[in-house]
Every structure is written in C-alpha cells, then in structure tokens.
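Reading through the structure tokens given below for one structure.
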Amino acid sequence: MDLTVLLSQLDKGTPLYYVVLTVFVLTQLYKYLHNAKLDKQMKVVSDKAKQIVIPIANMTGLANADRRAKAVDMLYNWAVAHKIKISRNNAAHIIDFAYHYCKNQGWLNDKQPVTTGNPEDLTPEQLDNMTPDK
C-alpha cells in the first residue's frame, strides 16, 4: 500500500499517523539523497569519459573501432578502480555520448589527415619504416 494513501486514511490525531508520516518523510529523503548520489556519480563518470575521449579521438593510426574499444576499456577500468558499478555496455554508451558531445562542441579533430614530414627532412630509418616491403 502506498504511504500517501495510508496517510490520507489515518486520523491525524493518532500516534500511528505520525509514525507513518515519519516513515514517509524518511523514505522520500532517502530517495532524494540516493538520486543525488547517483547524479553526482554520473557527472563524474561523464566528465571522465570526456577526458578519455578527447586524446584518443585525436590519435592517428587507429581505426575508429579500435579507438572506441580503447576508450571503453579505459573508462570501465577507471570506474572499477573507483568502485563505481558500471557494465561494459553502459561504459560504451557513455563513451559514445561523450564522443558526440565533444564533437558537437568542436573539441575534436578526429578526421585529421596523417601527415609526415618532407622526405628530405626524414632520417633514413624513418624513410625505411614508411617504405612498403617489396
């Protein structure tokens, strides 16, 4: 039975009314504090996801799927280390949200071309590493 219904049916002059009222107030307070704690945790996780996404998205030489997997792993490991309960699936959703948020803010340049120096500025070893094997 809902406590509000029970409160409406009780006589306000009885001690039982005040007991039920106290339970109702404490229940609502607990829900508020619990939701506030979850909101704070979610903000912390979201901020951490943004911190993870920005440098990874700007990396060159990684496929998008590899970048995403690396970011999800980093966020999941960070959350576990800080005793925040999160599934890998939820971590992936948070990373996706953080990526799109950062992209919309203009913080990412993840479509940047891979650039190399002029051939005359590179060492012979760097040139050998860039030259495909025959």
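Labels for the structure tokens follow display order: chains A, B, ..., residues from 1 in each chain, ligands from 1.
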
Residues at most 12 Å from Lys103 of chain A, counting only C-alpha atoms, excluding those fewer than 4 positions away in the same chain, as a PyMOL selection string?
chain A and resi 50+53-54+57-58+95-99+107-111

| Which parts of chain A does DSSP call alpha helix (DSSP H) when run on the backbone here, written out as a VMD selection string? | chain A and resid 3 to 9 15 to 57 64 to 81 88 to 105 124 to 130

What would the file look like if the residues just selected were written as a JSON list (two decimals), in the first residue's frame with C-alpha atoms?
```
[["chain", "number", "residue", "atom", "x", "y", "z"],
["A", 3, "LEU", "CA", 2.16, 5.57, 2.20],
["A", 4, "THR", "CA", 0.31, 8.63, 0.88],
["A", 5, "VAL", "CA", -2.93, 6.62, 0.68],
["A", 6, "LEU", "CA", -2.36, 5.29, 4.18],
["A", 7, "LEU", "CA", -1.71, 8.81, 5.48],
["A", 8, "SER", "CA", -4.94, 10.11, 3.94],
["A", 9, "GLN", "CA", -6.93, 7.34, 5.62],
["A", 15, "PRO", "CA", 0.22, 8.32, 17.10],
["A", 16, "LEU", "CA", 0.13, 5.88, 14.17],
["A", 17, "TYR", "CA", -0.37, 8.83, 11.80],
["A", 18, "TYR", "CA", 2.91, 10.39, 12.98],
["A", 19, "VAL", "CA", 4.74, 7.08, 12.73],
["A", 20, "VAL", "CA", 3.56, 6.63, 9.13],
["A", 21, "LEU", "CA", 4.33, 10.29, 8.38],
["A", 22, "THR", "CA", 7.86, 9.86, 9.74],
["A", 23, "VAL", "CA", 8.40, 6.72, 7.65],
["A", 24, "PHE", "CA", 7.06, 8.57, 4.60],
["A", 25, "VAL", "CA", 9.38, 11.56, 5.12],
["A", 26, "LEU", "CA", 12.41, 9.34, 5.73],
["A", 27, "THR", "CA", 11.62, 7.28, 2.63],
["A", 28, "GLN", "CA", 11.38, 10.40, 0.49],
["A", 29, "LEU", "CA", 14.60, 11.78, 1.99],
["A", 30, "TYR", "CA", 16.41, 8.51, 1.28],
["A", 31, "LYS", "CA", 15.21, 8.54, -2.34],
["A", 32, "TYR", "CA", 16.33, 12.15, -2.75],
["A", 33, "LEU", "CA", 19.78, 11.52, -1.27],
["A", 34, "HIS", "CA", 20.21, 8.30, -3.26],
["A", 35, "ASN", "CA", 19.27, 10.06, -6.51],
["A", 36, "ALA", "CA", 21.58, 12.96, -5.67],
["A", 37, "LYS", "CA", 24.45, 10.49, -5.14],
["A", 38, "LEU", "CA", 23.69, 8.77, -8.46],
["A", 39, "ASP", "CA", 23.52, 12.14, -10.24],
["A", 40, "LYS", "CA", 26.91, 13.11, -8.79],
["A", 41, "GLN", "CA", 28.43, 9.76, -9.80],
["A", 42, "MET", "CA", 27.02, 10.09, -13.30],
["A", 43, "LYS", "CA", 28.51, 13.56, -13.68],
["A", 44, "VAL", "CA", 31.91, 12.32, -12.52],
["A", 45, "VAL", "CA", 31.80, 9.36, -14.93],
["A", 46, "SER", "CA", 30.63, 11.59, -17.78],
["A", 47, "ASP", "CA", 33.42, 14.10, -17.14],
["A", 48, "LYS", "CA", 35.99, 11.28, -17.04],
["A", 49, "ALA", "CA", 34.62, 9.90, -20.32],
["A", 50, "LYS", "CA", 35.16, 13.29, -21.96],
["A", 51, "GLN", "CA", 38.72, 13.39, -20.64],
["A", 52, "ILE", "CA", 39.33, 9.94, -22.11],
["A", 53, "VAL", "CA", 37.66, 10.56, -25.47],
["A", 54, "ILE", "CA", 39.45, 13.75, -26.48],
["A", 55, "PRO", "CA", 43.05, 12.45, -26.66],
["A", 56, "ILE", "CA", 42.01, 9.07, -28.07],
["A", 57, "ALA", "CA", 39.82, 10.58, -30.80],
["A", 64, "ASN", "CA", 37.52, 4.12, -35.16],
["A", 65, "ALA", "CA", 36.53, 0.76, -33.66],
["A", 66, "ASP", "CA", 39.95, 0.46, -32.00],
["A", 67, "ARG", "CA", 39.66, 3.98, -30.58],
["A", 68, "ARG", "CA", 36.22, 3.22, -29.22],
["A", 69, "ALA", "CA", 37.32, -0.08, -27.68],
["A", 70, "LYS", "CA", 40.32, 1.59, -26.07],
["A", 71, "ALA", "CA", 38.15, 4.37, -24.62],
["A", 72, "VAL", "CA", 35.58, 1.90, -23.29],
["A", 73, "ASP", "CA", 38.30, -0.19, -21.65],
["A", 74, "MET", "CA", 39.87, 2.89, -20.06],
["A", 75, "LEU", "CA", 36.53, 4.14, -18.69],
["A", 76, "TYR", "CA", 35.50, 0.71, -17.44],
["A", 77, "ASN", "CA", 38.85, 0.13, -15.70],
["A", 78, "TRP", "CA", 38.74, 3.61, -14.16],
["A", 79, "ALA", "CA", 35.19, 3.03, -12.85],
["A", 80, "VAL", "CA", 36.11, -0.35, -11.37],
["A", 81, "ALA", "CA", 39.19, 1.16, -9.71],
["A", 88, "ARG", "CA", 30.95, -2.52, -20.23],
["A", 89, "ASN", "CA", 27.80, -1.95, -22.26],
["A", 90, "ASN", "CA", 26.93, 1.16, -20.22],
["A", 91, "ALA", "CA", 30.54, 2.32, -20.45],
["A", 92, "ALA", "CA", 30.28, 2.02, -24.25],
["A", 93, "HIS", "CA", 27.11, 4.13, -24.26],
["A", 94, "ILE", "CA", 28.72, 6.77, -22.06],
["A", 95, "ILE", "CA", 31.79, 6.88, -24.32],
["A", 96, "ASP", "CA", 29.55, 7.29, -27.38],
["A", 97, "PHE", "CA", 27.68, 10.12, -25.67],
["A", 98, "ALA", "CA", 30.94, 11.79, -24.63],
["A", 99, "TYR", "CA", 32.33, 11.47, -28.16],
["A", 100, "HIS", "CA", 29.26, 13.08, -29.74],
["A", 101, "TYR", "CA", 29.19, 15.79, -27.08],
["A", 102, "CYS", "CA", 32.86, 16.65, -27.63],
["A", 103, "LYS", "CA", 32.40, 16.52, -31.40],
["A", 104, "ASN", "CA", 29.45, 18.93, -31.23],
["A", 105, "GLN", "CA", 31.47, 21.27, -29.02],
["A", 124, "PRO", "CA", 66.97, 7.05, -43.42],
["A", 125, "GLU", "CA", 65.45, 4.88, -40.69],
["A", 126, "GLN", "CA", 62.16, 6.82, -40.80],
["A", 127, "LEU", "CA", 62.11, 6.51, -44.59],
["A", 128, "ASP", "CA", 62.69, 2.75, -44.36],
["A", 129, "ASN", "CA", 59.80, 2.40, -41.91],
["A", 130, "MET", "CA", 57.48, 4.25, -44.29]]
```
